[in-house]
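Student: For reference, the structure I am asking about is given below.
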Amino acid sequence: MLDDRLDNLDSIVTSLVHRVMEKPLTLEITCPNCSQTFEVNITSNIRLRGKA
């Protein structure tokens, strides 16, 4: 029963990671000293590999 739960959890996490990796992530960071805002765009084209 524990193995089934771990397999289900693994599937959920893998699916979530695939969805997040397909979309770009944008961070807006404000400098505490000068109050200037910086935008950082993060994208990924990494292909995740499952168990063999």
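Numbering starts fresh at 1 for the residues of each chain in the structure tokens, the chains themselves are lettered A, B, ... in the order given, and ligands are numbered from 1 as they appear.
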Per DSSP on the backbone, what are the strand (DSSP E or B) residues of chain A, as a list in words?

Tutor: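 Assigned to strand (DSSP E or B), within chain A: Leu25, Thr26, Leu27, Glu28, Ile29, Thr30, Thr37, Phe38, Glu39, Val40, Asn41 and Ile42 of chain A.
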
Student: Would you work out the distance separating CA of His18 (chain A) from CA of Ile42 (chain A), expressed in Å to one decimal?

Tutor: 14.9 Å

Student: Pick the closest to Val40 (chain A) from A:Asp4, A:Glu28, A:Leu9, A:Glu22: which is it, counting only C-alpha atoms?

Tutor: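 That would be A:Glu28, the residue with the smallest distance to Val40 (chain A).
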